[in-house]
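Chemist: Here's a structure for you.
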Amino acid sequence: MNRKRIVRTFAAALVCASVLPSAALAAEADYHHVHLTTSNATEAMKWYTEYLDCQPLTDRDDGVDCFGTEVVFESRATLGSSQRTGIDHISFSYADLTAKMDDLASVGVGGSGVRLQRFEDGSTLRDAPGLFKYGFIFDPWGTRIELVEDSDTLGFHHIHLSSTDPAATLEWYQERFGGEPAQLRGQLDGLRMGDIWLLAMQHEGGAPAATAGRAIDHIAFAVASLDPVAGELERANVQFLEQPGVPDGGRTSAKRAIVDGPDHVSLAVVEAGFAGIVSKMDEVTDITTELRDYTVPRTPWGTPDFQGVWTGDASHGIPLQRPDDVGDAAVLTPEQAAARRERGTLGSIWGYEAEWRDTTLGYVKSAPSRQVAMVIDPPDGRIPARTAEGERLRAEARAARRPLPEGPEHLSSWVRCITRSLVQTPGVYNNGFQVVQGPNHVAMQVEMLHETRVIPTDESPFVGSDIASWRGDARGHWDGDSLVVEIRNFNGRAPYQGSSDALTMTERYTRTGPDTLEYQFTIDDPKVFTRPWTGMFTYVRDESQYELVEYACHEGNYGMTNILSGSRAKEADAAR
Amino acid sequence: MKKRYRQLLASAAALSVLSIMLVPALASAQGQASRAFDGHPDLNGVWQAIGTAHWDLQDHPAAAGPVDTGAIGAIPPGQGVVVGNTIPYTPDALAQKQQNFENRWTDDPEIKCFLPGVPRATYLPHPFRIIQGDQKIMMVYGFAEANRTVHMDKANPERSPIDSWMGRSHGAWDGDTLVVDAEGFNGESWFDRAGNHASYALKVQERYTPMGPNAIMYEATLEDPNTFTEPWTIRLPLYRRLDENVRVLEFKCVEFSEDLLYGHLRKEPTR
């Protein structure tokens, strides 16, 4: 139970990339592939096309062809990087690796970016004498990829096993799946399988982790007929993770089996003609925003009852304003919604592990929101025009920005751990809030920055207008099943979309189902906007998995120290 | 030394018994506690400690404050709130307390606007609100936006998975007393501006006993084998703030700590 807050589960679209062999390889050593788990096939296909020069497949929509080796993606839960498993990495070879690495470095890690592994001296490339130049990158879903400069084999280069007994492991593979024992450049032991290498290195420190569910889930070999091979494997006491048979969703009637290979490397054995399985998203809850036939529970003293822990996870990725490219669509298609969430979360978490993102956001439990944009009024989904004063304030705020902050006041209230935002826009993590109610108050403990909003509902007056504050003074009242909160007395120092100290914000909270809470916010700032405007999104309740943690931001704000000392260091450099 | 501790503990125990007898007497003397819809005492409202416990939990004479603040910053004398007035530190922990005291104008988590921990949040010179309904109880403090959710699961507590400044609180009613077990602390908090402290092993049992509609007797027993040779108790009343339309106002103290923490990293250093 205690684990739940650390491993707040999530949803996972399960994707897996299969590296399918070239026709030439299939003829010689039978077809094999590597399954990579990612969380969105479309994004993964784009990534391998854009950064590793693979080509879209013409005959199916879930894979790419990497220099004759097919990479096919399929929905699958991702449980972590391939590194330290029995299949540590896959490898691509380029004629000019220095140029390739420079290209990849310029992509950056933002969005579905490229994560470069740096060596201890900070470099991304090494030159192994007598071998070749090499370096490592990670895809956004945790697959470790070695890039090498081996002019003998360009393109898809090798699969690198990590084994407690490499020699025995290679022998095991050769006995069952063929390949020629050989040494790569006379240094690395492996099997030559057509154009590519199957290499095995000594695993350092304990046993490798099982591959099942990790970024490289398994590798696969094809055989003409599965049953005799399966029989052989059975006699050799190899454990079956999946019994031979036509898998659910198989595109053809070819059979597949999955076995537990050396070092708990999962191995698929497929019959000729196997063409993968049609991926399907897990059964997930669709968060709809229509009011349902639902009786809102009441507290013992008769008001609507909102108590519990709510999270914005399901609404993560909804843009504030309607994007230009969706026309007048009422909602996104499920595919568009899935792709948007993937882009949004990758964009937010860049430096974090994908599996952390998946566990944090509860992807297994909620479908991505199909809401096009938060702004529901004006009906065009766009923030209304600003007044002349609003434009002036915006220009002033821009002009006040400093590339190198001179002190804390040049950084945002969020970076300073003062307050995050007047609207609790669902961020990628720690976006929950806990509601506790008493007869005359609703208290909302906001996880991010541990602020607690105490909202009187007893018709008591606002505090004096000279008491301005970052989050303002709130008063609530009940409107049928809704809690309506009016907030004034902002100091204007934590502006929302450029709002000023003239802002009056109105919030409306309405439970639309047992686990859904619709949140509307109206921004009325006559100094800045030509008309009031309203946004909306939905919180979900997930008490079984989501628990607030103490977001002690200021107490551990090393970011401030680093940003300011880094700025001083840059100034000193520039002055030199 | 050991003998004296025993005597002190004995007198502490005697005081405890006395206070248990005293509390109902006080309640009847000052009127009955208000009752919530479910018959429990109604602790809803804004409360605040009065006194100098935030300066020093123990008896202390008047002393100068930080430089340049004159009489405004001077430390008023105060009668301690520690039952028996002695905190049973281990020798190492006592040395740490003394070191904390020496460095209090830079090292005190309060001066840095850090979360105050328990029990310190209760008797800081700032009001706090208790929100009590039919489920959990929330305590919202004026200082540093500290807050606690009291999970009413004292009998079968769901332990804190990670240590934190404010810990995790498990509550239950014992007659008219709200009893809260707080644990899961990170050991970074101090108890006062005099440098009293404990480790992450700290366990606090708090008792909130109404003394009538407008006062609560607050007791906290602190146990931490890393720091103290015995459990010890503080006791002080909390008073209901009766000011018209009284609120726990937003007091974001972070910006007031920034020069202390980052002034040396400004382009024009202030420290």
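Residue names in the structure tokens use chain letters A, B, ... in the order shown, residue numbers from 1 in each chain, and ligand numbers from 1 in the order shown.
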Contacts of Asp96 of chain A at 12 Å or less, counting only C-alpha atoms, minus same-chain residues fewer than 5 places along, as a PDB file with N, CA and C atoms, in the first residue's frame?
Modeler:
ATOM      1  N   MET A 101      26.883  12.015 -35.012  1.00  0.00           N
ATOM      2  CA  MET A 101      26.706  12.343 -33.601  1.00  0.00           C
ATOM      3  C   MET A 101      26.464  13.835 -33.419  1.00  0.00           C
ATOM      4  N   ASP A 102      27.138  14.640 -34.216  1.00  0.00           N
ATOM      5  CA  ASP A 102      26.914  16.089 -34.147  1.00  0.00           C
ATOM      6  C   ASP A 102      25.467  16.413 -34.497  1.00  0.00           C
ATOM      7  N   ASP A 103      24.963  15.750 -35.544  1.00  0.00           N
ATOM      8  CA  ASP A 103      23.559  15.950 -35.939  1.00  0.00           C
ATOM      9  C   ASP A 103      22.625  15.619 -34.782  1.00  0.00           C
ATOM     10  N   LEU A 125      31.790  10.391 -28.038  1.00  0.00           N
ATOM     11  CA  LEU A 125      32.394   9.402 -28.942  1.00  0.00           C
ATOM     12  C   LEU A 125      33.731   8.932 -28.392  1.00  0.00           C
ATOM     13  N   PHE A 132      36.717   0.555 -33.912  1.00  0.00           N
ATOM     14  CA  PHE A 132      36.107   1.690 -34.613  1.00  0.00           C
ATOM     15  C   PHE A 132      35.662   2.727 -33.586  1.00  0.00           C
ATOM     16  N   LYS A 133      35.192   3.850 -34.100  1.00  0.00           N
ATOM     17  CA  LYS A 133      34.601   4.863 -33.225  1.00  0.00           C
ATOM     18  C   LYS A 133      33.233   4.386 -32.779  1.00  0.00           C
ATOM     19  N   TYR A 134      32.860   4.714 -31.577  1.00  0.00           N
ATOM     20  CA  TYR A 134      31.535   4.327 -31.107  1.00  0.00           C
ATOM     21  C   TYR A 134      31.021   5.316 -30.052  1.00  0.00           C
ATOM     22  N   LEU A 147      26.070   3.534 -31.592  1.00  0.00           N
ATOM     23  CA  LEU A 147      26.367   3.989 -32.946  1.00  0.00           C
ATOM     24  C   LEU A 147      27.845   3.724 -33.182  1.00  0.00           C
ATOM     25  N   VAL A 148      28.151   3.073 -34.305  1.00  0.00           N
ATOM     26  CA  VAL A 148      29.544   2.732 -34.594  1.00  0.00           C
ATOM     27  C   VAL A 148      29.924   3.218 -35.987  1.00  0.00           C
ATOM     28  N   GLU A 149      31.216   3.301 -36.219  1.00  0.00           N
ATOM     29  CA  GLU A 149      31.714   3.681 -37.536  1.00  0.00           C
ATOM     30  C   GLU A 149      32.460   2.465 -38.095  1.00  0.00           C
ATOM     31  N   ASP A 150      31.678   1.538 -38.641  1.00  0.00           N
ATOM     32  CA  ASP A 150      32.254   0.299 -39.178  1.00  0.00           C
ATOM     33  C   ASP A 150      31.934   0.238 -40.667  1.00  0.00           C
ATOM     34  N   SER A 151      32.910   0.610 -41.474  1.00  0.00           N
ATOM     35  CA  SER A 151      32.648   0.706 -42.917  1.00  0.00           C
ATOM     36  C   SER A 151      32.332  -0.662 -43.521  1.00  0.00           C
ATOM     37  N   LEU A 154      27.509  -1.205 -42.795  1.00  0.00           N
ATOM     38  CA  LEU A 154      26.794   0.045 -42.531  1.00  0.00           C
ATOM     39  C   LEU A 154      25.320  -0.274 -42.303  1.00  0.00           C
ATOM     40  N   GLY A 155      24.639   0.642 -41.654  1.00  0.00           N
ATOM     41  CA  GLY A 155      23.217   0.421 -41.363  1.00  0.00           C
ATOM     42  C   GLY A 155      23.048  -0.328 -40.055  1.00  0.00           C
TER      43      GLY A 155
END
Chemist: Contacts of Val179 of chain B at 6 Å or less, counting only C-alpha atoms, minus same-chain residues fewer than 6 places along, as a compact mmCIF listing (two decimals) with C-alpha atoms, in the first residue's frame?
Modeler:
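The result, written out as part38.txt:
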# COMPACT_ATOMS: atom_id res chain seq x y z
CA GLY B 171 -5.33 10.61 14.06
CA ALA B 172 -8.08 9.19 16.25
CA TRP B 173 -10.44 10.50 18.88
CA GLU B 206 0.04 15.04 19.99
CA ARG B 207 -3.07 15.45 22.11
Chemist: Could you tell me, as a VMD selection string, which residues of segment 167-216 of chain A DSSP assigns to helix (DSSP H, G or I) when given the backbone?
Modeler: chain A and resid 167 to 177
Chemist: Do a neighbour search on segment 74-80 of chain B at 9 Å with only C-alpha atoms, toss out local chain neighbours closer than 4 positions, and write the hits as a CSV table (one decimal) with N, CA and C atoms, in the first residue's frame.
Modeler:
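Output file selection.csv is given in full below:
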chain,number,residue,atom,x,y,z
B,51,GLY,N,2.9,33.2,23.5
B,51,GLY,CA,4.0,32.9,24.4
B,51,GLY,C,5.3,32.9,23.7
B,52,THR,N,6.4,32.3,24.2
B,52,THR,CA,7.7,32.4,23.6
B,52,THR,C,8.3,31.0,23.3
B,53,ALA,N,7.4,30.0,23.2
B,53,ALA,CA,7.9,28.6,22.8
B,53,ALA,C,8.6,28.6,21.5
B,55,TRP,N,10.6,30.8,20.5
B,55,TRP,CA,12.0,31.3,20.7
B,55,TRP,C,12.8,30.1,21.4
B,56,ASP,N,12.2,29.5,22.4
B,56,ASP,CA,12.9,28.5,23.2
B,56,ASP,C,11.9,27.7,23.9
B,57,LEU,N,11.9,26.4,23.7
B,57,LEU,CA,10.9,25.6,24.4
B,57,LEU,C,11.1,25.6,25.9
B,58,GLN,N,12.3,25.9,26.3
B,58,GLN,CA,12.6,25.8,27.8
B,58,GLN,C,12.6,27.2,28.4
B,59,ASP,N,12.7,27.3,29.7
B,59,ASP,CA,12.8,28.6,30.4
B,59,ASP,C,14.0,29.4,29.8
B,60,HIS,N,13.7,30.6,29.6
B,60,HIS,CA,14.9,31.4,29.1
B,60,HIS,C,14.7,32.9,29.5
B,61,PRO,N,15.9,33.5,29.8
B,61,PRO,CA,15.8,35.0,30.1
B,61,PRO,C,15.7,35.8,28.9
B,62,ALA,N,15.5,37.1,29.1
B,62,ALA,CA,15.5,38.0,27.9
B,62,ALA,C,16.9,38.1,27.3
B,63,ALA,N,17.0,38.3,26.0
B,63,ALA,CA,18.3,38.3,25.4
B,63,ALA,C,18.2,39.2,24.2
B,64,ALA,N,19.4,39.6,23.7
B,64,ALA,CA,19.5,40.5,22.5
B,64,ALA,C,19.1,39.6,21.3
B,65,GLY,N,18.5,40.3,20.3
B,65,GLY,CA,18.2,39.6,19.1
B,65,GLY,C,19.3,39.8,18.1
B,66,PRO,N,18.9,39.6,16.8
B,66,PRO,CA,19.9,39.9,15.7
B,66,PRO,C,20.3,41.3,15.7
B,69,THR,N,18.2,45.3,15.0
B,69,THR,CA,16.8,45.3,15.1
B,69,THR,C,16.3,45.9,16.5
B,70,GLY,N,17.3,46.4,17.3
B,70,GLY,CA,16.9,47.1,18.5
B,70,GLY,C,16.0,46.2,19.4
B,84,GLY,N,8.7,19.7,33.1
B,84,GLY,CA,10.0,19.4,33.8
B,84,GLY,C,11.1,20.3,33.4
B,85,ASN,N,10.9,21.0,32.3
B,85,ASN,CA,11.9,22.0,31.7
B,85,ASN,C,13.2,21.4,31.2
B,234,ILE,N,5.9,18.4,25.8
B,234,ILE,CA,5.6,19.8,25.9
B,234,ILE,C,4.1,20.0,26.1
Chemist: Kindly provide, as a list in words, the residues of chain B having any atom no farther than 7 Å from an atom of chain A, counting only C-alpha atoms.
Modeler: Phe114, Ile131, Gln132, Gly133, Lys136, Ile137, Met138, Val140, Glu145, Asn147, Glu158, Arg159, Ser160, Pro161, Ser164, Asn245, Glu250, Lys252, Val254, Tyr262, Leu265, Arg266 and Lys267 of chain B
Chemist: Can you tell me which residues surround Trp232 of chain B at a distance of at most 8 Å, considering only C-alpha atoms, apart from same-chain residues fewer than 5 positions away, and format the answer as an MDAnalysis selection string?
Modeler: chainID B and resid 82:83 87:88 221:223
Chemist: If you count only C-alpha atoms, which residues fall within 6 Å of segment 528-538 of chain A, apart from same-chain ones fewer than 3 positions away, as a ChimeraX atom specification?
Modeler: /A:374-377,385-387,390,517-525
Chemist: For N, CA and C atoms, I'd like the residues from the last selection saved as a tab-separated table (two decimals), in the first residue's frame.
Modeler:
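out-v4.tsv written:
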chain	number	residue	atom	x	y	z
A	374	MET	N	-8.41	23.84	-23.87
A	374	MET	CA	-9.06	24.18	-22.60
A	374	MET	C	-10.06	25.32	-22.77
A	375	VAL	N	-9.74	26.30	-23.59
A	375	VAL	CA	-10.61	27.46	-23.69
A	375	VAL	C	-11.94	27.05	-24.32
A	376	ILE	N	-13.03	27.24	-23.58
A	376	ILE	CA	-14.37	26.92	-24.11
A	376	ILE	C	-15.17	28.18	-24.37
A	377	ASP	N	-14.71	29.29	-23.87
A	377	ASP	CA	-15.37	30.57	-24.14
A	377	ASP	C	-14.28	31.63	-24.19
A	385	ALA	N	-8.72	39.05	-27.50
A	385	ALA	CA	-7.73	40.11	-27.73
A	385	ALA	C	-7.42	40.83	-26.42
A	386	ARG	N	-6.19	41.31	-26.34
A	386	ARG	CA	-5.78	42.08	-25.16
A	386	ARG	C	-6.09	43.55	-25.36
A	387	THR	N	-6.29	44.24	-24.27
A	387	THR	CA	-6.42	45.69	-24.32
A	387	THR	C	-5.05	46.29	-24.63
A	390	GLY	N	-3.03	45.73	-21.76
A	390	GLY	CA	-2.62	44.32	-21.70
A	390	GLY	C	-1.42	44.06	-22.59
A	517	LEU	N	-14.18	15.15	-12.02
A	517	LEU	CA	-14.49	16.47	-11.47
A	517	LEU	C	-14.18	17.50	-12.56
A	518	GLU	N	-15.24	18.15	-13.02
A	518	GLU	CA	-15.02	19.16	-14.05
A	518	GLU	C	-14.62	20.47	-13.39
A	519	TYR	N	-13.60	21.06	-13.95
A	519	TYR	CA	-13.06	22.31	-13.40
A	519	TYR	C	-13.16	23.39	-14.48
A	520	GLN	N	-13.83	24.48	-14.16
A	520	GLN	CA	-13.88	25.61	-15.08
A	520	GLN	C	-13.26	26.82	-14.39
A	521	PHE	N	-12.53	27.60	-15.15
A	521	PHE	CA	-11.97	28.83	-14.59
A	521	PHE	C	-12.25	29.98	-15.54
A	522	THR	N	-12.71	31.08	-14.98
A	522	THR	CA	-13.00	32.26	-15.80
A	522	THR	C	-12.05	33.37	-15.40
A	523	ILE	N	-11.38	33.90	-16.40
A	523	ILE	CA	-10.40	34.98	-16.20
A	523	ILE	C	-11.07	36.29	-16.60
A	524	ASP	N	-11.31	37.12	-15.61
A	524	ASP	CA	-11.94	38.41	-15.89
A	524	ASP	C	-10.97	39.50	-15.43
A	525	ASP	N	-10.27	40.05	-16.40
A	525	ASP	CA	-9.26	41.05	-16.07
A	525	ASP	C	-9.40	42.21	-17.05
Chemist: Residues within 7 Å of Gln117 of chain A, please, as a PyMOL selection string. Count only C-alpha atoms; anything in the same chain fewer than 6 positions from it doesn't count.
Modeler: chain A and resi 124+136-137
Chemist: Could you pull out the strand (DSSP E) residues of segment 61-134 of chain B, going by DSSP on the backbone, and write them as an MDAnalysis selection string?
Modeler: chainID B and resid 128:132
Chemist: What does the distance between atom CA of Ala194 of chain B and atom CA of Ala93 of chain B come to in Å, to one decimal place?
Modeler: 13.5 Å
Chemist: List the neighbours of Asn100 of chain B out to 9 Å using only C-alpha atoms; skip same-chain residues closer than 2 positions along the sequence, and give me the result as a list of chain:residue names.
Modeler: B:Ala95, B:Gln96, B:Lys97, B:Gln98, B:Glu102, B:Asn103, B:Arg104, B:Asp107, B:Asp108, B:Trp190, B:Arg193, B:Ala194, B:Gly195, B:Asn196, B:His197
Chemist: Just give me the gap between atom CA of Ala338 of chain A and atom CA of Gly113 of chain A in Å, one decimal is fine.
Modeler: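 Rounded to one decimal, the two atoms are 17.9 Å apart.
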Chemist: From the list B:Pro119, B:Ala201, B:Ile216, B:Asp68, which residue is nearest Val180 of chain B when using only C-alpha atoms?
Modeler: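 Looking at the shortest contact to Val180 of chain B, the residue is B:Pro119.
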Chemist: Could you check which of A:Gly206, A:Gly302, A:Gly250, A:Pro244 is closest to Ala268 of chain A, using only C-alpha atoms?
Modeler: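 Among the listed residues, A:Pro244 lies closest to Ala268 of chain A.
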Chemist: Between A:Phe433, A:Phe73, A:Phe221, A:Phe490, which residue has the minimum interatomic distance to Asp313 of chain A, considering only C-alpha atoms?
Modeler: A:Phe433
